[in-house]
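Text of the file data16.cif, holding mmCIF, C-alpha atoms:
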data_final
#
loop_
_atom_site.label_atom_id
_atom_site.label_comp_id
_atom_site.auth_asym_id
_atom_site.auth_seq_id
_atom_site.Cartn_x
_atom_site.Cartn_y
_atom_site.Cartn_z
CA MET A 1 0.00 0.00 0.00
CA GLU A 2 1.21 3.50 -0.78
CA PRO A 3 1.90 5.82 2.18
CA LYS A 4 -0.64 8.37 0.98
CA GLN A 5 -3.35 5.71 0.82
CA LEU A 6 -2.45 4.42 4.28
CA LEU A 7 -2.34 7.94 5.67
CA TYR A 8 -5.73 8.71 4.18
CA LYS A 9 -7.16 5.56 5.66
CA LEU A 10 -5.79 6.37 9.11
CA GLU A 11 -6.60 10.06 9.16
CA PHE A 12 -10.00 10.04 7.56
CA GLU A 13 -11.45 6.61 8.07
CA LEU A 14 -10.18 5.60 11.52
CA LEU A 15 -10.14 9.07 13.02
CA ASN A 16 -13.58 9.89 11.61
CA GLU A 17 -14.91 6.63 12.96
CA THR A 18 -13.30 7.41 16.28
CA ASN A 19 -14.86 10.85 16.28
CA LEU A 20 -18.22 9.28 15.48
CA LYS A 21 -17.86 7.14 18.59
CA ARG A 22 -17.11 10.27 20.60
CA SER A 23 -20.77 10.81 21.52
CA GLU A 24 -21.10 7.27 22.79
CA TYR A 25 -17.84 7.70 24.67
CA ASP A 26 -19.04 10.90 26.25
CA TRP A 27 -22.41 9.30 27.20
CA LEU A 28 -20.64 6.37 28.81
CA LEU A 29 -18.39 8.66 30.79
CA LYS A 30 -21.33 10.86 31.88
CA THR A 31 -23.51 7.91 32.81
CA GLY A 32 -20.64 6.28 34.65
CA GLU A 33 -19.95 9.45 36.61
CA GLU A 34 -23.61 9.65 37.60
CA LEU A 35 -23.60 6.03 38.71
CA LEU A 36 -20.48 6.63 40.73
CA SER A 37 -22.10 9.60 42.40
CA VAL A 38 -25.10 7.44 43.32
CA GLU A 39 -23.01 4.50 44.46
CA GLY A 40 -20.77 6.80 46.38
CA THR A 41 -23.54 7.60 48.87
CA ASP A 42 -23.69 3.93 49.93
CA PRO A 43 -20.37 3.04 51.48
CA LYS A 44 -21.38 -0.59 51.83
CA SER A 45 -21.78 -1.01 48.05
CA GLY A 46 -18.78 -2.61 46.20
CA LYS A 47 -19.93 -1.70 42.74
CA SER A 48 -18.36 1.76 42.78
CA GLU A 49 -14.80 0.48 42.58
CA ASP A 50 -15.65 -1.86 39.75
CA LEU A 51 -17.41 0.91 37.84
CA LYS A 52 -14.55 3.30 38.40
CA ALA A 53 -12.08 0.73 37.02
CA LYS A 54 -14.22 0.23 33.95
CA LEU A 55 -14.47 3.96 33.34
CA ASN A 56 -10.68 4.33 33.65
CA HIS A 57 -10.11 1.46 31.26
CA LEU A 58 -12.54 3.05 28.78
CA LYS A 59 -10.65 6.31 29.00
CA TYR A 60 -7.34 4.53 28.48
CA LEU A 61 -8.60 2.58 25.41
CA TYR A 62 -10.08 5.65 23.81
CA LYS A 63 -6.92 7.71 24.42
CA PHE A 64 -4.65 4.85 23.26
CA LEU A 65 -6.67 4.36 20.06
CA PHE A 66 -6.68 8.05 19.25
CA GLU A 67 -3.00 8.63 20.03
CA SER A 68 -1.90 5.41 18.25
CA VAL A 69 -3.63 6.50 15.09
CA ARG A 70 -2.14 9.97 15.39
CA GLU A 71 1.36 8.59 16.03
CA ARG A 72 0.98 6.21 13.12
CA CYS A 73 0.02 9.11 10.87
CA GLU A 74 3.00 11.14 12.08
CA LYS A 75 5.30 8.15 11.44
CA ILE A 76 4.01 7.74 7.90
CA LYS A 77 4.48 11.44 7.28
CA SER A 78 8.00 11.13 8.64
CA ILE A 79 8.70 8.20 6.30
CA MET A 80 7.48 10.19 3.33
CA LYS A 81 9.61 13.14 4.35
CA THR A 82 12.65 10.92 4.89
CA LYS A 83 12.22 9.36 1.49
CA LYS A 84 12.06 12.78 -0.15
CA GLU A 85 15.21 13.89 1.67
CA LEU A 86 16.99 10.66 0.76
CA PHE A 87 16.09 11.07 -2.88
CA GLU A 88 17.35 14.66 -2.85
CA ASN A 89 20.59 13.75 -1.06
CA ILE A 90 21.19 10.74 -3.31
CA GLU A 91 20.64 12.90 -6.38
CA SER A 92 22.95 15.59 -5.03
CA SER A 93 25.67 13.08 -4.20
CA ARG A 94 25.26 11.41 -7.58
CA ASN A 95 25.69 14.77 -9.34
CA ILE A 96 28.87 15.48 -7.36
CA LEU A 97 30.24 12.02 -8.18
CA ASN A 98 29.42 12.60 -11.87
CA GLU A 99 31.37 15.86 -11.78
CA LEU A 100 34.31 14.11 -10.14
CA GLU A 101 34.11 11.34 -12.74
CA THR A 102 34.18 13.97 -15.51
CA LYS A 103 37.28 15.55 -13.97
CA LEU A 104 39.00 12.18 -13.66
CA SER A 105 38.14 11.36 -17.29
CA ALA A 106 39.50 14.67 -18.54
CA PRO A 107 42.71 14.69 -20.62
CA ILE A 108 46.01 14.85 -18.83
CA THR A 109 47.27 18.38 -19.45
CA LEU A 110 51.03 18.33 -18.97
CA LYS A 111 52.27 21.41 -20.77
CA ASP A 112 55.89 20.51 -20.24
CA VAL A 113 57.96 17.54 -19.14
CA THR A 114 59.22 19.06 -15.91
CA GLN A 115 58.93 18.13 -12.24
CA SER A 116 57.01 21.34 -11.50
CA ALA A 117 54.42 20.48 -14.17
CA LEU A 118 54.00 17.03 -12.62
CA ASP A 119 53.70 18.49 -9.10
CA THR A 120 51.00 20.93 -10.26
CA LEU A 121 49.03 18.11 -11.81
CA LEU A 122 49.36 15.97 -8.67
CA VAL A 123 48.14 18.89 -6.50
CA ASP A 124 45.03 19.20 -8.66
CA HIS A 125 44.50 15.47 -8.40
CA SER A 126 44.85 15.62 -4.60
CA ALA A 127 42.01 18.18 -4.50
CA ILE A 128 39.80 15.76 -6.40
CA SER A 129 40.84 12.99 -4.03
CA ARG A 130 39.76 15.08 -1.02
CA GLN A 131 36.36 15.72 -2.61
CA ILE A 132 35.97 11.98 -3.07
CA ASP A 133 36.80 11.42 0.61
CA GLU A 134 34.12 13.95 1.58
CA GLN A 135 31.60 12.19 -0.60
CA SER A 136 32.59 8.89 0.93
CA GLY A 137 31.30 10.17 4.30
CA VAL A 138 28.11 11.44 2.66
CA VAL A 139 27.48 8.12 0.91
CA SER A 140 28.11 6.17 4.13
CA GLN A 141 25.61 8.39 5.98
CA LEU A 142 23.06 7.89 3.20
CA LEU A 143 23.48 4.14 3.42
CA ASN A 144 22.94 4.17 7.20
CA THR A 145 19.90 6.44 6.91
CA SER A 146 18.47 4.27 4.16
CA GLU A 147 18.86 1.18 6.32
CA LEU A 148 16.82 2.82 9.12
CA PHE A 149 14.33 4.06 6.56
CA LEU A 150 13.80 0.54 5.24
CA THR A 151 13.30 -0.74 8.80
CA ASP A 152 10.62 1.90 9.43
CA CYS A 153 8.94 1.06 6.13
CA GLU A 154 8.86 -2.61 6.93
CA GLY A 155 7.52 -1.91 10.44
CA ASN A 156 4.68 0.17 9.01
CA GLY A 157 3.67 -2.19 6.25
CA LEU A 158 5.43 -0.17 3.52
CA ARG A 159 8.18 -2.58 2.55
CA GLU A 160 7.58 -2.33 -1.20
CA TYR A 161 7.51 1.44 -0.92
CA GLY A 162 10.88 1.43 0.86
CA GLU A 163 12.54 -1.00 -1.52
CA ARG A 164 12.19 1.47 -4.39
CA ILE A 165 15.01 3.52 -2.96
CA LEU A 166 17.35 0.51 -3.10
CA VAL A 167 17.74 0.92 -6.87
CA ARG A 168 19.05 4.45 -6.50
CA LEU A 169 21.23 3.46 -3.58
CA ASN A 170 22.81 0.64 -5.58
CA ILE A 171 23.49 3.00 -8.48
CA LEU A 172 25.03 5.54 -6.10
CA ASP A 173 27.15 2.89 -4.39
CA ALA A 174 28.43 1.58 -7.73
CA LYS A 175 29.21 5.13 -8.90
CA TRP A 176 31.05 5.85 -5.65
CA LYS A 177 33.22 2.72 -5.95
CA GLN A 178 33.89 3.49 -9.62
CA VAL A 179 35.06 7.02 -8.84
CA ILE A 180 37.37 5.75 -6.09
CA GLU A 181 38.92 3.27 -8.52
CA MET A 182 39.24 5.93 -11.23
CA CYS A 183 41.00 8.23 -8.78
CA ALA A 184 43.64 5.63 -7.97
CA LEU A 185 44.13 4.76 -11.65
CA LYS A 186 44.34 8.41 -12.65
CA LYS A 187 47.23 9.06 -10.29
CA THR A 188 49.08 6.03 -11.61
CA LYS A 189 48.33 7.14 -15.16
CA ILE A 190 49.62 10.67 -14.48
CA ILE A 191 52.98 9.38 -13.28
CA ALA A 192 53.21 6.82 -16.10
CA THR A 193 52.28 9.46 -18.67
CA TRP A 194 54.89 11.85 -17.35
CA THR A 195 57.50 9.09 -17.62
CA LEU A 196 56.41 8.22 -21.17
CA LEU A 197 56.47 11.87 -22.16
CA GLY A 198 60.03 12.11 -20.92
CA GLN A 199 61.02 9.13 -23.06
CA VAL A 200 59.22 10.55 -26.09
CA ASP A 201 60.74 13.99 -25.60
CA LYS A 202 64.25 12.52 -25.43
CA LEU A 203 63.65 10.28 -28.45
CA VAL A 204 62.21 13.17 -30.49
CA HIS A 205 65.11 15.44 -29.51
CA ASP A 206 67.65 12.77 -30.48
CA GLN A 207 66.05 12.08 -33.89
CA GLU A 208 65.08 15.59 -34.96
CA GLN A 209 68.60 16.53 -36.01
CA TRP A 210 69.09 13.28 -37.94
CA LEU A 211 65.70 13.63 -39.64
CA SER A 212 66.40 17.24 -40.60
CA ALA A 213 69.75 16.23 -42.08
CA GLN A 214 68.13 13.44 -44.13
CA GLU A 215 65.42 15.78 -45.43
CA THR A 216 68.04 18.34 -46.44
CA LYS A 217 70.14 15.67 -48.13
CA LEU A 218 67.12 14.33 -50.04
CA THR A 219 66.17 17.86 -51.11
CA ASP A 220 69.66 18.42 -52.49
CA LEU A 221 69.70 15.04 -54.24
CA GLU A 222 66.26 15.66 -55.77
CA ALA A 223 67.44 19.04 -57.08
CA GLN A 224 70.59 17.50 -58.58
CA ALA A 225 68.80 14.51 -60.13
CA THR A 226 66.96 16.60 -62.72
CA SER A 227 70.05 18.30 -64.15
CA ALA A 228 73.04 16.11 -63.31
CA PRO A 229 75.13 14.38 -66.01
CA LEU A 230 75.21 10.60 -66.23
CA HIS A 231 78.40 10.04 -64.28
CA THR A 232 77.02 12.23 -61.46
CA LEU A 233 73.69 10.36 -61.43
CA GLU A 234 75.54 7.23 -60.39
CA VAL A 235 76.95 9.10 -57.38
CA ILE A 236 73.55 10.61 -56.56
CA ARG A 237 71.96 7.17 -56.74
CA GLY A 238 74.61 5.82 -54.37
CA ASP A 239 73.92 8.66 -51.93
CA ALA A 240 70.15 8.04 -52.17
CA LEU A 241 70.67 4.34 -51.47
CA ASP A 242 72.79 5.27 -48.44
CA VAL A 243 69.94 7.44 -47.14
CA GLN A 244 67.48 4.61 -47.76
CA GLU A 245 69.71 2.19 -45.86
CA ASP A 246 70.08 4.65 -42.99
CA ILE A 247 66.30 5.02 -42.79
CA GLY A 248 65.87 1.26 -42.69
CA ALA A 249 68.47 0.98 -39.93
CA ARG A 250 66.30 3.21 -37.72
CA ASP A 251 63.08 1.25 -38.14
CA LEU A 252 63.32 -0.01 -34.56
CA LEU A 253 63.49 3.55 -33.22
CA LEU A 254 60.50 4.49 -35.37
CA GLU A 255 58.51 1.54 -34.00
CA THR A 256 59.44 2.51 -30.44
CA LEU A 257 58.36 6.11 -30.93
CA GLU A 258 55.16 5.00 -32.65
CA SER A 259 54.37 2.62 -29.77
CA LEU A 260 54.95 5.33 -27.16
CA TYR A 261 52.86 7.81 -29.16
CA THR A 262 49.98 5.32 -29.40
CA GLU A 263 50.16 4.62 -25.67
CA LEU A 264 50.09 8.33 -24.92
CA SER A 265 47.07 8.78 -27.18
CA ALA A 266 45.24 6.12 -25.18
CA ASN A 267 45.90 8.10 -22.00
CA TYR A 268 43.64 10.97 -23.09
CA LEU A 269 46.49 13.36 -23.80
CA THR A 270 45.47 16.72 -25.19
CA PRO A 271 46.65 17.36 -28.78
CA ASP A 272 48.00 20.83 -27.88
CA MET A 273 50.80 19.44 -25.72
CA ARG A 274 54.24 20.50 -26.95
CA VAL A 275 55.79 17.05 -26.67
CA PHE A 276 52.73 15.44 -28.24
CA GLN A 277 52.82 17.86 -31.16
CA ASN A 278 56.56 17.39 -31.64
CA ALA A 279 56.17 13.62 -31.66
CA HIS A 280 53.31 13.84 -34.15
CA SER A 281 55.31 16.13 -36.45
CA LEU A 282 58.36 13.90 -36.25
CA LEU A 283 56.35 10.76 -37.03
CA THR A 284 54.63 12.48 -39.96
CA ALA A 285 57.96 13.59 -41.41
CA TRP A 286 59.47 10.16 -40.76
CA TYR A 287 56.61 8.38 -42.51
CA ALA A 288 57.03 10.68 -45.53
CA LEU A 289 60.80 10.17 -45.68
CA ARG A 290 60.85 6.53 -46.82
CA PRO A 291 58.46 6.87 -49.82
CA ARG A 292 60.19 10.10 -50.78
CA CYS A 293 63.55 8.35 -50.81
CA SER A 294 62.12 5.36 -52.68
CA GLN A 295 60.63 7.72 -55.26
CA LEU A 296 64.02 9.38 -55.76
CA VAL A 297 65.78 6.02 -56.16
CA SER A 298 63.11 4.94 -58.64
CA LEU A 299 63.58 8.17 -60.63
CA LEU A 300 67.35 7.69 -60.71
CA ASN A 301 66.93 4.07 -61.80
CA THR A 302 64.67 5.25 -64.62
CA LEU A 303 67.17 7.89 -65.72
CA LEU A 304 70.13 5.52 -65.48
CA SER A 305 68.48 2.43 -66.94
CA PRO A 306 69.10 3.28 -70.65
CA TRP A 307 72.64 4.41 -69.86
CA GLN A 308 73.39 1.32 -67.79
CA GLU A 309 72.10 -0.95 -70.52
CA PHE A 310 74.18 0.89 -73.13
CA SER A 311 77.20 0.86 -70.85
CA SER A 312 76.83 -2.88 -70.38
CA GLN A 313 76.48 -3.41 -74.14
CA HIS A 314 79.51 -1.18 -74.73
CA SER A 315 81.65 -3.13 -72.27
CA LEU A 316 80.66 -6.50 -73.73
CA LEU A 317 81.26 -5.19 -77.23
CA ILE A 318 84.73 -3.86 -76.37
CA ILE A 319 85.61 -7.17 -74.73
CA LEU A 320 84.44 -9.10 -77.79
CA LEU A 321 86.35 -6.84 -80.21
CA SER A 322 89.44 -7.00 -78.01
CA GLN A 323 89.31 -10.79 -78.05
CA ILE A 324 88.93 -10.71 -81.84
CA ASP A 325 91.89 -8.31 -82.03
CA ALA A 326 94.10 -10.65 -80.01
CA ARG A 327 93.16 -13.70 -82.04
CA LEU A 328 93.50 -11.77 -85.29
CA THR A 329 97.02 -10.66 -84.37
CA SER A 330 97.95 -14.28 -83.77
CA CYS A 331 96.34 -15.29 -87.05
CA GLU A 332 98.27 -12.64 -88.93
CA LEU A 333 101.52 -14.20 -87.74
CA GLU A 334 100.43 -17.79 -88.34
CA PRO A 335 97.50 -17.99 -90.75
CA ASP A 336 94.80 -20.50 -89.93
CA ASN A 337 91.85 -20.76 -92.29
CA THR A 338 89.49 -22.13 -89.61
CA GLU A 339 90.50 -19.47 -87.15
CA LEU A 340 90.06 -16.80 -89.79
CA GLU A 341 86.52 -17.95 -90.60
CA GLU A 342 85.62 -17.96 -86.92
CA LEU A 343 86.89 -14.41 -86.59
CA LYS A 344 84.77 -13.33 -89.54
CA ASP A 345 81.73 -14.94 -87.89
CA LEU A 346 82.54 -13.17 -84.63
CA LEU A 347 82.73 -9.87 -86.50
CA LYS A 348 79.24 -10.53 -87.86
CA VAL A 349 78.07 -11.06 -84.25
CA ALA A 350 79.82 -7.86 -83.25
CA GLN A 351 78.10 -6.06 -86.09
CA GLY A 352 74.70 -7.11 -84.72
CA ASP A 353 75.73 -6.00 -81.23
CA ILE A 354 76.80 -2.64 -82.63
CA LYS A 355 73.34 -2.15 -84.16
CA LYS A 356 71.74 -2.89 -80.77
CA ALA A 357 74.12 -0.53 -79.02
CA ASN A 358 73.41 2.23 -81.54
CA ALA A 359 69.68 1.73 -81.03
CA GLN A 360 70.19 1.99 -77.27
CA VAL A 361 72.16 5.20 -77.75
CA LYS A 362 68.97 6.87 -79.06
CA LYS A 363 67.23 6.02 -75.80
CA VAL A 364 70.15 7.34 -73.79
CA TYR A 365 70.01 10.65 -75.68
CA LYS A 366 66.39 11.14 -74.55
CA SER A 367 67.25 11.00 -70.85
CA CYS A 368 70.77 12.44 -70.71
CA GLN A 369 72.00 16.01 -70.54
CA LYS A 370 73.61 17.85 -73.46
CA THR A 371 76.98 17.62 -71.74
CA ASP A 372 76.76 13.81 -71.87
CA LYS A 373 76.34 13.53 -75.63
CA GLY A 374 80.01 14.17 -76.45
CA MET A 375 81.12 11.43 -74.06
CA ILE A 376 78.55 9.01 -75.50
CA GLN A 377 79.67 9.79 -79.05
CA ASN A 378 83.27 9.03 -78.07
CA LEU A 379 82.18 5.65 -76.74
CA VAL A 380 80.32 4.94 -79.96
CA LYS A 381 83.35 5.94 -82.03
CA GLU A 382 85.52 3.69 -79.88
CA TYR A 383 83.78 0.46 -80.80
CA GLU A 384 82.92 1.55 -84.36
CA ASN A 385 86.56 2.46 -85.16
CA LEU A 386 87.78 -0.73 -83.57
CA TYR A 387 85.27 -2.72 -85.60
CA LYS A 388 86.30 -1.00 -88.88
CA ASP A 389 89.99 -1.65 -88.18
CA LEU A 390 89.34 -5.30 -87.41
CA TYR A 391 87.11 -5.68 -90.45
CA GLN A 392 89.84 -4.33 -92.75
CA ARG A 393 92.51 -6.45 -91.12
CA VAL A 394 90.53 -9.68 -91.21
CA ASN A 395 89.82 -9.22 -94.90
CA SER A 396 93.47 -8.43 -95.69
CA VAL A 397 94.94 -11.44 -93.92
CA PRO A 398 96.17 -13.99 -96.57
CA THR A 399 95.13 -17.57 -96.44
CA ALA A 400 97.60 -20.21 -95.33
CA LYS A 401 98.38 -21.17 -98.99
CA GLU A 402 98.93 -17.57 -100.01
CA LYS A 403 101.14 -17.08 -97.03
CA GLN A 404 103.19 -20.15 -97.99
CA VAL A 405 103.80 -18.78 -101.53
CA GLN A 406 104.80 -15.44 -100.12
CA VAL A 407 107.23 -17.05 -97.72
CA SER A 408 108.79 -19.22 -100.49
CA THR A 409 109.19 -16.21 -102.77
CA LEU A 410 110.76 -14.25 -99.99
CA ARG A 411 113.23 -17.02 -99.30
CA PHE A 412 114.12 -17.30 -103.02
CA GLU A 413 114.68 -13.58 -103.26
CA ARG A 414 116.94 -13.64 -100.25
CA ASP A 415 119.09 -16.66 -101.45
CA SER A 416 122.31 -15.30 -103.09
CA SER A 417 123.19 -18.59 -104.76
CA VAL A 418 120.27 -18.45 -107.08
CA GLN A 419 120.25 -14.72 -107.76
CA VAL A 420 121.55 -13.42 -111.16
CA ASP A 421 123.10 -10.03 -111.51
CA THR A 422 121.15 -8.62 -114.42
CA LEU A 423 122.70 -5.23 -114.08
CA LYS A 424 126.04 -4.99 -115.92
CA GLN A 425 128.80 -2.59 -115.26
CA PRO A 426 128.27 0.70 -117.09
CA ASN A 427 131.12 0.20 -119.55
CA GLU A 428 130.01 -3.35 -120.33
CA TYR A 429 126.53 -2.12 -120.82
CA LEU A 430 127.68 0.50 -123.31
CA ARG A 431 129.77 -2.04 -125.14
CA CYS A 432 126.83 -4.34 -125.62
CA LEU A 433 124.75 -1.47 -126.81
CA ILE A 434 127.33 -0.54 -129.49
CA LYS A 435 127.41 -4.10 -130.69
CA TYR A 436 123.71 -4.17 -130.93
CA LYS A 437 123.69 -1.07 -133.06
CA TYR A 438 126.48 -2.35 -135.28
CA PHE A 439 124.73 -5.57 -136.21
CA VAL A 440 121.57 -3.73 -136.85
#
Kindly return the structure encoded in the file as structure tokens.
Amino acid sequence: MEPKQLLYKLEFELLNETNLKRSEYDWLLKTGEELLSVEGTDPKSGKSEDLKAKLNHLKYLYKFLFESVRERCEKIKSIMKTKKELFENIESSRNILNELETKLSAPITLKDVTQSALDTLLVDHSAISRQIDEQSGVVSQLLNTSELFLTDCEGNGLREYGERILVRLNILDAKWKQVIEMCALKKTKIIATWTLLGQVDKLVHDQEQWLSAQETKLTDLEAQATSAPLHTLEVIRGDALDVQEDIGARDLLLETLESLYTELSANYLTPDMRVFQNAHSLLTAWYALRPRCSQLVSLLNTLLSPWQEFSSQHSLLIILLSQIDARLTSCELEPDNTELEELKDLLKVAQGDIKKANAQVKKVYKSCQKTDKGMIQNLVKEYENLYKDLYQRVNSVPTAKEKQVQVSTLRFERDSSVQVDTLKQPNEYLRCLIKYKYFV
């Protein structure tokens, strides 16, 4: 039954019924008083004492009934008032605990990684902790009051009415325990965050100079790559690969900084913190460094690819022509028909390689600077002139049979025993001439 219904029943129904019996009560008292006055004149009569006792008992019952109902009504009113006060106090305490929870959930605002900044933050946290201690006393008092309130409700037949407050009490108790736990965790988190910030600040400070140097080096290499000659591109590519290797060697440091940054983000750090901003900027620049370096290496590989292919073809061609030159020199001294034919075949192979190299030269011209073209033309002339010289020599080398005739003729010409002096002395020559004219 609701308190209002019970109060209505007591105040209006029972009290009205009691008031209705008032006339009967007054008649009984009046009649009893009259009988006592009559009986009082006869001292030998024993009925007066009995009548007096009955009248006193009637007075007691009527007074007890009236006062019991009135006390019961006052108790119910008190229960209703207590419930209202409990609800108000529970709501007030809950609001305070919500405010404290909001403060404990707020971001950790360490503006700098110094001991004074940490001390300031711990002082603010201590103030919150004291507020929680004050609320702990309030919550304990509310719990005690609620226990008495429930006892009164049960004693007055209002158990269900009293149990409604248990829901709010349980919510308040859970909130109170949660705030206490959050307070302890927040202090631990503050100290841990300050330690992490110190590590991040040191790591950022140590890597900023290196990162700035790498960015400057990449900027210089990128500027040189678009206008550098071929022989310089090789050096630039080597420097870019060194930067790429250096970046890869620091992957572990990057992972460490990234892990610390992620952990700090989970601790509700405010984005406007100096260390947080520095770490974010460093990570952003670091993430951009690797693809930037890879892009530069890729560009250099693209620029150098035609030249490297031509350079490889040139080297192989010079080696082939040099081998032909060595074998041809040997063949010139000691002719060998088989060897000579092989050299002619090799020259045909070299001729095909020269065509490929010349075709590759056109590609090199498209990607090289004007200053490179003279050097490339010299390389082309090198293998072309060598090829022309070898071609002329291989076609002028006599066969083994021709060489044998030449050697025999040379030996005959050099043998004095078989030589005839066809040139006479001048006087003998004139004499013969005179004779010739005489006979004619």
**Asked** Which one of A:Ala225, A:Leu346, A:Leu282, A:Leu252 sits closest to Tyr391 of chain A if you count only C-alpha atoms?
**Response**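 Ranking A:Ala225, A:Leu346, A:Leu282, A:Leu252 by distance to Tyr391 of chain A, first place goes to A:Leu346.
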**Fill in**
For Val200 of chain A, the closest of A:Ile376, A:Leu264, A:Cys183, A:Val138 counting all atoms listed in the file is A:Leu264
**Message:** Residues near Val380 of chain A, anyone? I mean within 12 Å using only C-alpha atoms, not counting same-chain ones fewer than 2 positions away, as an MDAnalysis selection string.
**Reply:** chainID A and resid 310:311 313:315 317:318 353:362 373:378 382:387
**Item:** Residue IDs satisfying the PyMOL selection byres ((chain A and resi 186) around 12), as a ChimeraX atom specification
**Value:** /A:100-108,121-122,124-126,128-129,178-185,187-193,267-268
**Item:** the PyMOL selection byres ((chain A and resi 368) around 12) applied to the shown file, residues as a PyMOL selection string
**Value:** chain A and resi 225-233+300+302-308+361-367+369-376
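Of the residues under consideration (A:Arg393, A:Lys63, A:Arg292, A:Arg168), A:Arg393 shows the shortest atom-to-atom contact distance to Leu340 of chain A when counting all atoms listed in the file.
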**Residue contacts of Ile247 of chain A (10 Å, all atoms listed in the file) excluding same-chain residues fewer than 4 positions away, as JSON, numbers by chain** = {"A": [210, 211, 214, 241, 242, 243, 251, 254, 286, 289, 290, 293]}
**Prompt:** If you measure from atom CA of Asp152 of chain A to atom CA of Ile76 of chain A, what distance in Å do you get, rounded to one decimal?
**Reply:**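 Pair atom CA of Asp152 of chain A / atom CA of Ile76 of chain A returns 9.0 Å.
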**Asked** Any idea what the distance is between atom CA of Asn301 of chain A and atom CA of Leu283 of chain A?
**Response** 27.8 Å
